[in-house]
Amino acid sequence: MHSYIRPNSHIALRLPSGIVKIHKIVPNTTINIGKFGTFPANLLLGRPYYLTFELLDKENGRSKTELRIVPASELHAEALGGDHATPAESRDDSASAEGGAEFDIVGDDGEVIMRSNRLTIDDPSRQTLAMEEIEELKKAGAGSGKEIIAKIMASHLGIDEKTSFSLAKYTLRKSKKYLKRFTVLPLDVGLLNEYVLDKEGYKIMDLREESLGLISSWANIHCADASRVLTADDDIGQIGGGRWLVIDDTGGLVVAALAEKMRILYPEEDEEDQTLQEGEDINQDQNGEGDSAEDAKELQQETYQNGTTPPKSDPETKETDPTSPTSTTRIPSNPPPPPCKPPRQHIPQSTAQTNSLTVLHANNQPNLSFLKYFGFDTGNPTTKHPLYHNLKSLSWLQLLYPHEDPSYDEPEVVADDVLATFKSSKRGNYYKKRRRWERTSRIVNETRRGGFDGLIVASAMEPASILKECVPLVKGGGRIVVYSPNVEPLVELCDYYSKDRRAAFVSKQMETNASINRKAVKEVKKEDNEANGIVGEDEDEDFPVNPTLLLAPSLQTARARQWQVLPSRTHPMMTSRGGAEGYLFTATRVLPFEGKVEARGKFRSKKRKTGADSSVQA
């Protein structure tokens with residue numbers, strides 16, 4: 001993640017009220033933050049994150065709104081609240097040690113230790129400043145909200161009756177409402193999760209940040225650039241390499257969280273700066289901007305001094321010079337051909353062998369809309385982003401029945417001499433189809449070979465139907481993690497992979513294999529049933545999945561609740577969000593032993609040991 005604000009990047013603005021607004025910093029545009037007003041986006045470019053800015057009003061001849069960086073000392077002084085001291089005696093009935101001991105906590109020396117607000121009258125009529133006057137102060141732009149807060153507190157008749165705690169709460173409430181401040185925060189996965197959860201939690205299946213952390217932890221997500229891809233025993237499949245299979249119905253939030261752990265969510269800052277600089281140099285060379293106008297004039301003057309005249313043009317094609325109407329400039333008979341634009345080099349997409357994510361989706365394109373906040377657009381990806389190489393996607397149709405998908409069929413191969421006769425548009429379409437087929441076939445073949453390090457599921461589909469097809473693609477020892485907002489689907493999944501059901505499945509499998517050998521069923525049907533974990537058609541209801549493929553299934557949940565921690569006032573926050581609790585199913589992929597397990601060896605009965613001490617004396 002970058003340490004400063006860059007153009008065309010998304011940032012988060014946290015207002016004093018705690019509301020978070022997400023904006024894209026586009027140069028030469030204006031950012032609107034609601035009732036506080038607007039300001040130019042260029043004022044934030046190049047500045048570091050985590051600074052607090054204050055909007056200054058258009059006064060003293062300023063034509064635009066300006067920003068002031070609030071120093072940390074000022075923020076700390078306001079947070080401590082040392083400027084507001086409540087006098088000990090401020091009520092009509094004095095709060096002395098004798099008369100106020102009934103309501104206040106008073107020390108032995110008569111000093112009031114803690115005030116009580118039992119006699120405080122909370123009435124709106126005690127505020128003498130009307131709402132119309134406050135609106136006029138806001139329109140006048142009085143000191144970015146500070147003067148408004150001061151006048152509101154000065155016009156309150158019962159301000160002296162408030163305790164230090166109630167006065168601090170009152171001041172904080174008015175500061176959140178009237179101070180024109182905001183803090184610039186980098187938009188990471190945690191902040192995006194908080195923002196979407198408050199706005200539209202159903203889009204991410206009520207997935208909270210602590211659940212995202214558990215998913216990454218149980219799935220063993222890590223950066224695997226240095227991992228190796230091993231070949232399976234059949235010389236076809238592949239094992240390992242830091243590859244994970246993901247089914248994500250949260251709009252790409254789970255993919256973003258996994259990519260952040262794998263260090264492929266943000267482009268490298270140094271590489272991006274170097275690439276941008278090289279791109280600017282190339283554009284200048286191609287556009288001819290390397291030579292300035294002064295160099296062109298000097299070259300023209302040297303040509304005149306050498307006795308050569310500029311070429312004359314045809315009077316029908318060129319305009320005459322107003323200073324010399326009879327002189328014309330003639331175009332050469334054989335003009336040089338215009339410079340050809342160099343062909344753009346094609347960079348293959350989704351070519352990473354290690355440290356990659358494979359997204360399995362049900363539509364033509366995966367729904368990864370939340371990745372746009374991190375500079376990656378699935379519809380028009382940029383080659384500079386790591387996800388361009390490390391993110392792969394395929395549909396369920398391509399995984400289960402690849403030959404029924406038209407994009408998996410190889411296009412017709414055209415010879416080079418015939419391809420040279422095509423128009424540029426037709427030739428471009430041909431290359432486009434070939435590249436799409438190469439990418440699709442490569443991803444489908446690699447996914448069907450399996451050997452993934454883990455499987456992460458966050459989908460509204462039935463979990464058992466997903467695990468039936470995807471668990472065999474995970475290598476031995478890989479982690480399986482399934483998220484669901486409700487507990488019922490995962491409880492059913494735990495039952496499918498329970499120890500009792502596994503024992504029943506093994507016994508049934510032994511009996512069915514014996515009957516299959518007697519009846520001599522076709523070998524193709526037998527291998528197909530064994531691969532799917534189903535031996536007979538009558539066992540679909542009892543064993544929808546193969547329970548021998550997963551070990552130690554567990555079900556868990558976690559939720560971090562916010563608490564107010566104050567002396568004698570510690571309790572959970574009453575404004576915490578409700579919603580679904582969120583549960584996780586975790587298990588380990590194992591490779592079941594083929595055949596019957598028998599115990600062999602010489603077994604001896606344990607004899608009772610008798611010593612000299614235990615012998616009966618005659």
# chains A, B, ... in the order shown; residues from 1 in each chain; ligands from 1
call {"tool": "residues_around", "arguments": {"residues": "Gln365 in chain A", "least_positions_apart": "6", "cutoff": "10 Å", "atoms": "only C-alpha atoms", "output": "PyMOL selection string"}}
result
chain A and resi 378-379+393-395
call {"tool": "residues_around", "arguments": {"residues": "Tyr202 in chain A", "least_positions_apart": "6", "cutoff": "10 Å", "atoms": "only C-alpha atoms", "output": "list of chain:residue names"}}
result
A:Val196, A:Thr250, A:Pro485, A:Gly579, A:Ala580
call {"tool": "write_last_selection", "arguments": {"atoms": "N, CA and C atoms", "output": "PDB file, in the first residue's frame"}}
result
ATOM      1  N   VAL A 196     -18.977  -1.161   3.832  1.00  0.00           N
ATOM      2  CA  VAL A 196     -20.030  -1.902   3.138  1.00  0.00           C
ATOM      3  C   VAL A 196     -20.978  -2.555   4.133  1.00  0.00           C
ATOM      4  N   THR A 250     -19.376 -12.564  -2.385  1.00  0.00           N
ATOM      5  CA  THR A 250     -19.408 -11.310  -1.626  1.00  0.00           C
ATOM      6  C   THR A 250     -18.933 -10.123  -2.456  1.00  0.00           C
ATOM      7  N   PRO A 485     -23.608 -17.167   6.792  1.00  0.00           N
ATOM      8  CA  PRO A 485     -24.167 -16.267   7.815  1.00  0.00           C
ATOM      9  C   PRO A 485     -25.043 -16.990   8.825  1.00  0.00           C
ATOM     10  N   GLY A 579     -27.529  -8.039  13.001  1.00  0.00           N
ATOM     11  CA  GLY A 579     -27.294  -8.829  11.797  1.00  0.00           C
ATOM     12  C   GLY A 579     -26.905 -10.255  12.117  1.00  0.00           C
ATOM     13  N   ALA A 580     -26.527 -10.975  11.072  1.00  0.00           N
ATOM     14  CA  ALA A 580     -26.176 -12.378  11.217  1.00  0.00           C
ATOM     15  C   ALA A 580     -24.893 -12.531  12.024  1.00  0.00           C
TER      16      ALA A 580
END
call {"tool": "residues_around", "arguments": {"residues": "Gly251 in chain A", "least_positions_apart": "6", "cutoff": "7 Å", "atoms": "only C-alpha atoms", "output": "PyMOL selection string"}}
result
chain A and resi 204+367-370
call {"tool": "residues_around", "arguments": {"residues": "range 541-555 of chain A", "least_positions_apart": "4", "cutoff": "8 Å", "atoms": "only C-alpha atoms", "output": "PyMOL selection string"}}
result
chain A and resi 464-465+467-468+471-472+490-491+494+496-498+501-502+505-506+532-534+583-592
call {"tool": "closest_residue", "arguments": {"among": "A:Met510, A:Thr557, A:Pro572, A:Pro186", "to": "Asn486 in chain A", "atoms": "only C-alpha atoms"}}
result
A:Thr557
call {"tool": "atom_distance", "arguments": {"atom1": "CA of Glu66 in chain A", "atom2": "CA of Ala41 in chain A"}}
result
10.8 Å
call {"tool": "select_by_dssp", "arguments": {"residues": "range 334-548 of chain A", "states": "strand (DSSP E)", "output": "VMD selection string"}}
result
chain A and resid 356 to 361 391 to 395 452 to 458 474 to 484
call {"tool": "write_last_selection", "arguments": {"atoms": "N, CA and C atoms", "output": "short mmCIF file (atom, residue, chain, number, x, y, z; two decimals), in the first residue's frame"}}
result
data_model
loop_
_atom_site.label_atom_id
_atom_site.label_comp_id
_atom_site.auth_asym_id
_atom_site.auth_seq_id
_atom_site.Cartn_x
_atom_site.Cartn_y
_atom_site.Cartn_z
N SER A 356 -1.24 -17.83 -6.39
CA SER A 356 -2.36 -17.42 -7.24
C SER A 356 -3.67 -17.79 -6.58
N LEU A 357 -4.73 -17.12 -7.04
CA LEU A 357 -6.10 -17.37 -6.61
C LEU A 357 -6.92 -17.75 -7.84
N THR A 358 -7.67 -18.84 -7.73
CA THR A 358 -8.56 -19.29 -8.81
C THR A 358 -9.99 -19.13 -8.32
N VAL A 359 -10.75 -18.25 -8.98
CA VAL A 359 -12.11 -17.93 -8.57
C VAL A 359 -13.07 -18.76 -9.42
N LEU A 360 -13.95 -19.47 -8.75
CA LEU A 360 -14.96 -20.29 -9.42
C LEU A 360 -16.30 -19.59 -9.27
N HIS A 361 -16.98 -19.31 -10.39
CA HIS A 361 -18.22 -18.52 -10.38
C HIS A 361 -19.27 -19.21 -11.22
N LEU A 391 -4.48 -13.70 -10.59
CA LEU A 391 -5.90 -13.98 -10.41
C LEU A 391 -6.44 -14.72 -11.63
N LYS A 392 -7.09 -15.85 -11.40
CA LYS A 392 -7.65 -16.67 -12.46
C LYS A 392 -9.12 -16.93 -12.16
N SER A 393 -9.91 -17.10 -13.19
CA SER A 393 -11.34 -17.31 -13.00
C SER A 393 -11.85 -18.29 -14.05
N LEU A 394 -12.81 -19.10 -13.65
CA LEU A 394 -13.50 -20.00 -14.56
C LEU A 394 -14.88 -20.28 -13.99
N SER A 395 -15.78 -20.71 -14.84
CA SER A 395 -17.16 -20.96 -14.45
C SER A 395 -17.34 -22.43 -14.07
N PHE A 452 -4.63 -28.01 -5.18
CA PHE A 452 -4.69 -26.70 -4.54
C PHE A 452 -4.33 -26.82 -3.06
N ASP A 453 -3.80 -25.73 -2.53
CA ASP A 453 -3.41 -25.71 -1.12
C ASP A 453 -4.59 -25.54 -0.19
N GLY A 454 -5.72 -25.09 -0.68
CA GLY A 454 -6.88 -24.90 0.17
C GLY A 454 -8.10 -24.52 -0.64
N LEU A 455 -9.25 -24.58 0.01
CA LEU A 455 -10.54 -24.23 -0.59
C LEU A 455 -11.26 -23.28 0.34
N ILE A 456 -11.66 -22.12 -0.16
CA ILE A 456 -12.39 -21.12 0.61
C ILE A 456 -13.73 -20.90 -0.07
N VAL A 457 -14.81 -21.06 0.68
CA VAL A 457 -16.17 -20.96 0.15
C VAL A 457 -16.92 -19.91 0.95
N ALA A 458 -17.49 -18.92 0.26
CA ALA A 458 -18.41 -17.94 0.84
C ALA A 458 -19.50 -17.71 -0.18
N VAL A 474 -8.34 -30.50 -3.93
CA VAL A 474 -7.42 -30.00 -2.91
C VAL A 474 -6.42 -31.11 -2.58
N LYS A 475 -5.19 -30.73 -2.37
CA LYS A 475 -4.14 -31.70 -2.07
C LYS A 475 -4.31 -32.22 -0.64
N GLY A 476 -3.61 -33.30 -0.34
CA GLY A 476 -3.65 -33.85 1.00
C GLY A 476 -3.03 -32.90 2.00
N GLY A 477 -3.72 -32.69 3.09
CA GLY A 477 -3.28 -31.74 4.10
C GLY A 477 -3.76 -30.32 3.86
N GLY A 478 -4.48 -30.08 2.76
CA GLY A 478 -5.02 -28.75 2.50
C GLY A 478 -6.19 -28.42 3.42
N ARG A 479 -6.46 -27.14 3.57
CA ARG A 479 -7.49 -26.68 4.49
C ARG A 479 -8.76 -26.33 3.72
N ILE A 480 -9.90 -26.69 4.32
CA ILE A 480 -11.22 -26.39 3.76
C ILE A 480 -11.91 -25.44 4.72
N VAL A 481 -12.34 -24.29 4.21
CA VAL A 481 -13.02 -23.28 5.03
C VAL A 481 -14.29 -22.86 4.31
N VAL A 482 -15.42 -22.96 5.00
CA VAL A 482 -16.73 -22.59 4.44
C VAL A 482 -17.37 -21.58 5.38
N TYR A 483 -17.77 -20.44 4.82
CA TYR A 483 -18.44 -19.40 5.62
C TYR A 483 -19.92 -19.38 5.27
N SER A 484 -20.74 -19.18 6.29
CA SER A 484 -22.18 -19.03 6.10
C SER A 484 -22.71 -18.07 7.16
#
call {"tool": "atom_distance", "arguments": {"atom1": "CA of Gln398 in chain A", "atom2": "CA of Val444 in chain A"}}
result
6.6 Å
call {"tool": "atom_distance", "arguments": {"atom1": "CA of Ile148 in chain A", "atom2": "CA of Thr183 in chain A"}}
result
21.0 Å
call {"tool": "residues_around", "arguments": {"residues": "His10 in chain A", "least_positions_apart": "6", "cutoff": "10 Å", "atoms": "only C-alpha atoms", "output": "NGL selection string"}}
result
:A and (22-26 or 185-188 or 372-375)
call {"tool": "write_last_selection", "arguments": {"atoms": "C-alpha atoms", "output": "tab-separated table (two decimals), in the first residue's frame"}}
result
chain	number	residue	atom	x	y	z
A	22	ILE	CA	-15.12	6.87	0.01
A	23	HIS	CA	-13.91	9.08	-2.85
A	24	LYS	CA	-11.72	8.62	-5.87
A	25	ILE	CA	-9.01	11.26	-6.11
A	26	VAL	CA	-9.22	12.47	-9.70
A	185	LEU	CA	-7.40	7.15	5.72
A	186	PRO	CA	-6.04	4.56	3.27
A	187	LEU	CA	-8.75	2.30	1.93
A	188	ASP	CA	-7.76	-1.18	3.03
A	372	LYS	CA	-12.06	-1.55	-8.21
A	373	TYR	CA	-11.27	0.20	-4.92
A	374	PHE	CA	-7.79	-1.32	-5.12
A	375	GLY	CA	-7.05	-0.29	-8.70
call {"tool": "residues_around", "arguments": {"residues": "Thr29 in chain A", "least_positions_apart": "6", "cutoff": "9 Å", "atoms": "only C-alpha atoms", "output": "list in words"}}
result
Phe39, Pro40, Ala41 and Asn42 of chain A
call {"tool": "write_last_selection", "arguments": {"atoms": "C-alpha atoms", "output": "PDB file, in the first residue's frame"}}
result
ATOM      1  CA  PHE A  39     -12.819  21.410  -1.800  1.00  0.00           C
ATOM      2  CA  PRO A  40     -10.450  20.749  -4.740  1.00  0.00           C
ATOM      3  CA  ALA A  41      -9.041  17.242  -4.974  1.00  0.00           C
ATOM      4  CA  ASN A  42      -5.608  18.605  -5.866  1.00  0.00           C
TER       5      ASN A  42
END
